[in-house]
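Visitor: Okay, handing you the structure first.
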Amino acid sequence: MLNKYARAFFTRVLTPFAAFLLRRGVSPDAVTLVGTAGVVVGALVFFPRGEFFWGTIVITLFVFSDLVDGNMARQAGVSSRWGAFLDSTLDRVADGAIFGGFALWYAGGGDDNVLCAVSIFCLASGQVVSYTKARGESIGLPVAVNGLVERAERLVVSLVAAGLAGLHAFGVPGVRVLLPVALWLVAVGSAVTLGQRVVTVRREAAEADAAAGGETRRGSEATS
């Protein structure tokens with residue numbers, strides 16, 4: 001849902017910046033690589049130490065590369081299958097680093113095995129949600145469902161909560177609870193989204209198989 005509306009808004013906002021980078025000879029692939037590296041560093045350096053505010057700031061500065069690189073490719077007319085593959089693959093790396101950073105905090109200084117497990121579930125379910133769509137499309141199905149919690153929702157909910165929870169270090173009371181709540185919401189939402197996509201693929205596969213069977217029978221009747 002957020003992906004549909006927020007992406008269009010930020011694409012318009014970031015278009016001048018994308019054009020500026022192109023004029024300076026920066027390639028879309030370079031932006032993708034630098035953006036992912038920034039997210040990974042922000043997540044795995046700050047989050048395991050419980051520095052959620054600064055970690056979120058660093059990640060936010062780089063996470064918009066996911067919109068800038070595609071914008072640059074369209075402006076330059078160099079959109080390619082390789083660029084799409086690289087972008088999608090590195091998105092999974094960035095997501096893994098973010099939720100892996102949460103898991104490392106709760107396995108260490110956060111001292112909460114349950115929330116560590118929830119963070120790991122968020123990491124794994126997010127990867128599987130993306131895989132179900134990619135796998136369904138690879139076998140010729142449209143996978144015509146967005147789902148309750150997609151990548152944009154996972155990132156916005158978890159990063160906003162982490163940033164606010166990090167304000168505890170500046171003396172703001174009662175904010176630490178926001179991150180655990182967000183992780184539970186993302187975990188439940190991801191499980192629901194996974195179920196939605198599995199059900200959709202099952203239905204579309206059954207319809208495609210039935211249609212293929214009908215065509216085969218009609219072909220047999222025509223040659224008999």
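Residues are named by chain letter and number: chains run A, B, ... in the order of the structure tokens, numbers start at 1 in each chain, and ligands are numbered from 1 in the order shown.
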Need to verify the contact set: range 45-57 of chain A, 8 Å, only C-alpha atoms, exclusion of same-chain residues closer than 6 positions in sequence. Can you return it as a list of chain:residue names?
Guide: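 So the residues in contact are A:Ile98, A:Gly101, A:Phe102, A:Ala103, A:Leu104, A:Trp105, A:Tyr106, A:Gly108, A:Gly109, A:Gly110, A:Leu159, A:Val160, A:Ala162, A:Gly163, A:Leu164, A:Ala165, A:Gly166, A:Leu167.
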Visitor: Residues of the last selection are to be written out with all heavy atoms, as a short mmCIF file (atom, residue, chain, number, x, y, z; two decimals), in the first residue's frame.
Guide:
data_model
loop_
_atom_site.label_atom_id
_atom_site.label_comp_id
_atom_site.auth_asym_id
_atom_site.auth_seq_id
_atom_site.Cartn_x
_atom_site.Cartn_y
_atom_site.Cartn_z
N ILE A 98 19.12 -4.91 8.41
CA ILE A 98 18.31 -4.15 9.37
C ILE A 98 17.75 -5.05 10.45
O ILE A 98 17.93 -4.80 11.65
CB ILE A 98 17.18 -3.41 8.63
CG1 ILE A 98 17.77 -2.27 7.78
CG2 ILE A 98 16.16 -2.84 9.63
CD1 ILE A 98 16.77 -1.63 6.84
N GLY A 101 20.40 -6.61 12.55
CA GLY A 101 20.90 -5.69 13.58
C GLY A 101 20.02 -5.70 14.82
O GLY A 101 20.52 -5.68 15.95
N PHE A 102 18.70 -5.73 14.59
CA PHE A 102 17.79 -5.82 15.74
C PHE A 102 18.01 -7.12 16.50
O PHE A 102 18.05 -7.14 17.74
CB PHE A 102 16.33 -5.76 15.27
CG PHE A 102 15.91 -4.44 14.68
CD1 PHE A 102 15.02 -4.40 13.62
CD2 PHE A 102 16.40 -3.25 15.19
CE1 PHE A 102 14.63 -3.18 13.08
CE2 PHE A 102 16.01 -2.03 14.65
CZ PHE A 102 15.12 -1.99 13.58
N ALA A 103 18.15 -8.22 15.77
CA ALA A 103 18.35 -9.52 16.41
C ALA A 103 19.64 -9.54 17.23
O ALA A 103 19.66 -10.08 18.35
CB ALA A 103 18.38 -10.63 15.35
N LEU A 104 20.70 -8.95 16.68
CA LEU A 104 21.96 -8.92 17.42
C LEU A 104 21.84 -8.11 18.72
O LEU A 104 22.44 -8.47 19.74
CB LEU A 104 23.05 -8.32 16.53
CG LEU A 104 23.55 -9.21 15.39
CD1 LEU A 104 24.47 -8.44 14.47
CD2 LEU A 104 24.26 -10.45 15.94
N TRP A 105 21.07 -7.03 18.67
CA TRP A 105 20.87 -6.24 19.90
C TRP A 105 20.14 -7.04 20.95
O TRP A 105 20.57 -7.11 22.12
CB TRP A 105 20.10 -4.96 19.58
CG TRP A 105 19.49 -4.31 20.80
CD1 TRP A 105 18.18 -4.20 21.09
CD2 TRP A 105 20.20 -3.69 21.89
NE1 TRP A 105 18.00 -3.55 22.30
CE2 TRP A 105 19.24 -3.23 22.80
CE3 TRP A 105 21.55 -3.50 22.17
CZ2 TRP A 105 19.58 -2.58 23.98
CZ3 TRP A 105 21.89 -2.85 23.35
CH2 TRP A 105 20.92 -2.39 24.24
N TYR A 106 19.07 -7.69 20.56
CA TYR A 106 18.29 -8.44 21.55
C TYR A 106 18.99 -9.73 21.99
O TYR A 106 18.72 -10.23 23.08
CB TYR A 106 16.90 -8.74 20.99
CG TYR A 106 16.01 -7.52 20.98
CD1 TYR A 106 15.55 -6.99 19.78
CD2 TYR A 106 15.67 -6.88 22.16
CE1 TYR A 106 14.74 -5.85 19.76
CE2 TYR A 106 14.89 -5.74 22.15
CZ TYR A 106 14.43 -5.23 20.95
OH TYR A 106 13.65 -4.10 20.95
N GLY A 108 22.18 -9.69 22.52
CA GLY A 108 23.27 -9.20 23.36
C GLY A 108 22.80 -8.24 24.42
O GLY A 108 22.17 -8.65 25.40
N GLY A 109 23.07 -6.94 24.19
CA GLY A 109 22.75 -5.94 25.20
C GLY A 109 21.28 -5.81 25.51
O GLY A 109 20.89 -5.46 26.63
N GLY A 110 20.42 -6.09 24.54
CA GLY A 110 18.98 -6.00 24.76
C GLY A 110 18.44 -7.11 25.62
O GLY A 110 17.37 -6.98 26.25
N LEU A 159 11.69 1.19 11.07
CA LEU A 159 12.68 2.26 11.20
C LEU A 159 12.13 3.46 11.97
O LEU A 159 12.87 4.08 12.76
CB LEU A 159 13.17 2.70 9.81
CG LEU A 159 14.05 1.68 9.08
CD1 LEU A 159 14.43 2.20 7.70
CD2 LEU A 159 15.31 1.35 9.89
N VAL A 160 10.88 3.81 11.75
CA VAL A 160 10.29 4.90 12.52
C VAL A 160 10.28 4.53 14.00
O VAL A 160 10.65 5.34 14.87
CB VAL A 160 8.86 5.23 12.03
CG1 VAL A 160 8.15 6.15 13.01
CG2 VAL A 160 8.91 5.88 10.65
N ALA A 162 12.23 2.37 15.51
CA ALA A 162 13.61 2.32 16.02
C ALA A 162 14.13 3.73 16.29
O ALA A 162 14.78 3.97 17.32
CB ALA A 162 14.50 1.60 15.01
N GLY A 163 13.87 4.65 15.36
CA GLY A 163 14.33 6.01 15.55
C GLY A 163 13.74 6.66 16.79
O GLY A 163 14.43 7.32 17.57
N LEU A 164 12.44 6.46 16.98
CA LEU A 164 11.78 7.03 18.16
C LEU A 164 12.26 6.35 19.44
O LEU A 164 12.47 7.00 20.46
CB LEU A 164 10.26 6.89 18.02
CG LEU A 164 9.61 7.73 16.91
CD1 LEU A 164 8.13 7.41 16.80
CD2 LEU A 164 9.83 9.22 17.18
N ALA A 165 12.45 5.02 19.38
CA ALA A 165 12.95 4.31 20.55
C ALA A 165 14.34 4.80 20.93
O ALA A 165 14.70 4.84 22.11
CB ALA A 165 12.98 2.80 20.27
N GLY A 166 15.11 5.21 19.92
CA GLY A 166 16.45 5.70 20.18
C GLY A 166 16.48 7.01 20.93
O GLY A 166 17.52 7.40 21.50
N LEU A 167 15.36 7.72 20.96
CA LEU A 167 15.28 8.98 21.71
C LEU A 167 15.39 8.75 23.21
O LEU A 167 15.57 9.70 23.98
CB LEU A 167 13.99 9.71 21.38
CG LEU A 167 13.87 10.22 19.93
CD1 LEU A 167 12.49 10.84 19.71
CD2 LEU A 167 14.97 11.24 19.62
#
Visitor: How close does range 60-110 of chain A get to range 15-18 of chain A? List, as a Markdown table, each residue of range 60-110 of chain A within 10 Å, its nearest atom pair and the distance in Å to one decimal, counting only C-alpha atoms.
Guide:
| residue | atom | partner | partner_atom | distance |
| --- | --- | --- | --- | --- |
| A:Ser65 | CA | A:Ala18 | CA | 9.5 |
| A:Leu67 | CA | A:Ala18 | CA | 9.1 |
| A:Val68 | CA | A:Ala18 | CA | 5.7 |
| A:Asp69 | CA | A:Ala18 | CA | 7.4 |
| A:Gly70 | CA | A:Ala18 | CA | 9.0 |
| A:Asn71 | CA | A:Ala18 | CA | 6.4 |
| A:Met72 | CA | A:Ala18 | CA | 5.3 |
| A:Ala73 | CA | A:Ala18 | CA | 9.0 |
| A:Arg74 | CA | A:Ala18 | CA | 9.9 |
| A:Gln75 | CA | A:Ala18 | CA | 8.3 |
| A:Ala76 | CA | A:Ala18 | CA | 9.9 |
Visitor: What does the structure give for the distance between CA of Gly77 in chain A and CA of Leu90 in chain A, in Å to one decimal?
Guide: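 Between CA of Gly77 in chain A and CA of Leu90 in chain A the gap works out to 21.5 Å.
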Visitor: Of the candidates A:Leu178, A:Trp184, A:Val149, A:Val201, which one gets nearest to Cys116 in chain A if we count only C-alpha atoms?
Guide: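 Comparing A:Leu178, A:Trp184, A:Val149, A:Val201 against Cys116 in chain A, the winner is A:Trp184.
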Visitor: With only C-alpha atoms as the counted atoms, please give the residues lying no more than 10 Å from Phe121 in chain A, apart from itself and same-chain residues fewer than 6 positions off, as number ranges by chain.
Guide: A: 99, 103, 115, 127, 183-184, 186-188, 190-191
Visitor: Keeping only C-alpha atoms, write those residues as a PDB file, in the first residue's frame.
Guide:
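And here is the file that came out, result-v1.pdb:
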ATOM      1  CA  PHE A  99      16.469  -7.001  11.047  1.00  0.00           C
ATOM      2  CA  ALA A 103      18.353  -9.524  16.409  1.00  0.00           C
ATOM      3  CA  LEU A 115      12.380 -10.330  20.636  1.00  0.00           C
ATOM      4  CA  GLN A 127      12.700 -12.659   2.388  1.00  0.00           C
ATOM      5  CA  LEU A 183       8.584  -5.834  15.429  1.00  0.00           C
ATOM      6  CA  TRP A 184       5.526  -7.788  16.529  1.00  0.00           C
ATOM      7  CA  VAL A 186       5.799  -6.507  11.221  1.00  0.00           C
ATOM      8  CA  ALA A 187       6.023 -10.189  12.158  1.00  0.00           C
ATOM      9  CA  VAL A 188       2.256 -10.671  12.209  1.00  0.00           C
ATOM     10  CA  SER A 190       4.436 -10.466   7.197  1.00  0.00           C
ATOM     11  CA  ALA A 191       2.843 -13.787   8.140  1.00  0.00           C
TER      12      ALA A 191
END
Visitor: Hey, what does DSSP flag as alpha helix (DSSP H) within range 45-119 of chain A? Can you give it to me as a PyMOL selection string?
Guide: chain A and resi 45-46+52-63+65-76+81-107+113-119
Visitor: Deliver the residues from the most recent selection as a file, using C-alpha atoms, as an mmCIF file, in the first residue's frame.
Guide:
data_model
loop_
_atom_site.group_PDB
_atom_site.id
_atom_site.type_symbol
_atom_site.label_atom_id
_atom_site.label_comp_id
_atom_site.auth_asym_id
_atom_site.auth_seq_id
_atom_site.Cartn_x
_atom_site.Cartn_y
_atom_site.Cartn_z
ATOM 1 C CA VAL A 45 27.294 -0.868 13.363
ATOM 2 C CA PHE A 46 24.656 1.060 15.334
ATOM 3 C CA PHE A 52 18.786 3.137 17.293
ATOM 4 C CA PHE A 53 18.420 6.871 16.703
ATOM 5 C CA TRP A 54 21.735 7.355 14.917
ATOM 6 C CA GLY A 55 21.428 4.035 13.138
ATOM 7 C CA THR A 56 18.049 5.064 11.763
ATOM 8 C CA ILE A 57 19.427 8.434 10.641
ATOM 9 C CA VAL A 58 22.266 6.763 8.709
ATOM 10 C CA ILE A 59 19.961 4.166 7.167
ATOM 11 C CA THR A 60 17.411 6.795 6.139
ATOM 12 C CA LEU A 61 20.092 8.792 4.343
ATOM 13 C CA PHE A 62 20.938 5.784 2.186
ATOM 14 C CA VAL A 63 17.639 3.920 1.862
ATOM 15 C CA SER A 65 18.932 5.135 -3.140
ATOM 16 C CA ASP A 66 16.347 2.469 -3.960
ATOM 17 C CA LEU A 67 14.260 5.216 -5.575
ATOM 18 C CA VAL A 68 17.124 7.292 -6.968
ATOM 19 C CA ASP A 69 18.791 4.502 -8.969
ATOM 20 C CA GLY A 70 15.604 3.534 -10.787
ATOM 21 C CA ASN A 71 14.835 7.189 -11.468
ATOM 22 C CA MET A 72 18.325 7.660 -12.910
ATOM 23 C CA ALA A 73 17.976 4.601 -15.128
ATOM 24 C CA ARG A 74 14.679 5.846 -16.550
ATOM 25 C CA GLN A 75 16.019 9.342 -17.180
ATOM 26 C CA ALA A 76 19.119 7.974 -18.903
ATOM 27 C CA ARG A 81 17.244 -6.650 -16.615
ATOM 28 C CA TRP A 82 20.638 -6.547 -14.890
ATOM 29 C CA GLY A 83 19.765 -3.324 -13.072
ATOM 30 C CA ALA A 84 16.445 -4.749 -11.919
ATOM 31 C CA PHE A 85 18.165 -7.939 -10.735
ATOM 32 C CA LEU A 86 20.895 -6.051 -8.874
ATOM 33 C CA ASP A 87 18.400 -3.726 -7.217
ATOM 34 C CA SER A 88 16.134 -6.537 -6.066
ATOM 35 C CA THR A 89 19.022 -8.665 -4.805
ATOM 36 C CA LEU A 90 20.618 -5.857 -2.804
ATOM 37 C CA ASP A 91 17.223 -4.922 -1.337
ATOM 38 C CA ARG A 92 17.221 -8.348 0.308
ATOM 39 C CA VAL A 93 20.734 -7.729 1.657
ATOM 40 C CA ALA A 94 19.701 -4.376 3.147
ATOM 41 C CA ASP A 95 16.551 -5.818 4.732
ATOM 42 C CA GLY A 96 18.548 -8.687 6.207
ATOM 43 C CA ALA A 97 21.041 -6.261 7.744
ATOM 44 C CA ILE A 98 18.310 -4.146 9.365
ATOM 45 C CA PHE A 99 16.469 -7.001 11.047
ATOM 46 C CA GLY A 100 19.751 -8.804 11.701
ATOM 47 C CA GLY A 101 20.900 -5.695 13.575
ATOM 48 C CA PHE A 102 17.786 -5.821 15.742
ATOM 49 C CA ALA A 103 18.353 -9.524 16.409
ATOM 50 C CA LEU A 104 21.964 -8.918 17.420
ATOM 51 C CA TRP A 105 20.873 -6.237 19.896
ATOM 52 C CA TYR A 106 18.293 -8.436 21.549
ATOM 53 C CA ALA A 107 20.698 -11.398 21.588
ATOM 54 C CA ASN A 113 15.479 -13.937 23.469
ATOM 55 C CA VAL A 114 11.826 -13.611 22.471
ATOM 56 C CA LEU A 115 12.380 -10.330 20.636
ATOM 57 C CA CYS A 116 15.553 -11.767 19.116
ATOM 58 C CA ALA A 117 13.433 -14.591 17.707
ATOM 59 C CA VAL A 118 10.778 -12.120 16.500
ATOM 60 C CA SER A 119 13.476 -10.098 14.727
#
Visitor: For Ala205 in chain A, find every residue with an atom within 10 Å (counting only C-alpha atoms), except residues of its own chain fewer than 4 positions away, and show them as a VMD selection string.
Guide: chain A and resid 136 139 to 143 199 to 201 209 to 211
Visitor: Taking only C-alpha atoms into account, name the residue in A:Leu148, A:Ala161, A:Ala37, A:Val156 that is nearest to Thr193 in chain A.
Guide: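 Among A:Leu148, A:Ala161, A:Ala37, A:Val156, it is A:Leu148 that comes nearest to Thr193 in chain A.
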Visitor: Given the choices A:Ser27, A:Ser158, A:Gln196, A:Thr132, which gets closest to Ser79 in chain A if the distance is worked out from only C-alpha atoms?
Guide: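 Using only C-alpha atoms, Ser79 in chain A sits closest to A:Ser27.
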Visitor: Quick one: everything within 8 Å of Gly126 in chain A, counting only C-alpha atoms, minus sequence neighbours fewer than 3 positions away in the same chain. Send it as a list in words.
Guide: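 In the requested format, the answer is Asp95, Cys122, Leu123, Val129, Ser130, Glu150, Arg151 and Ser190 of chain A.
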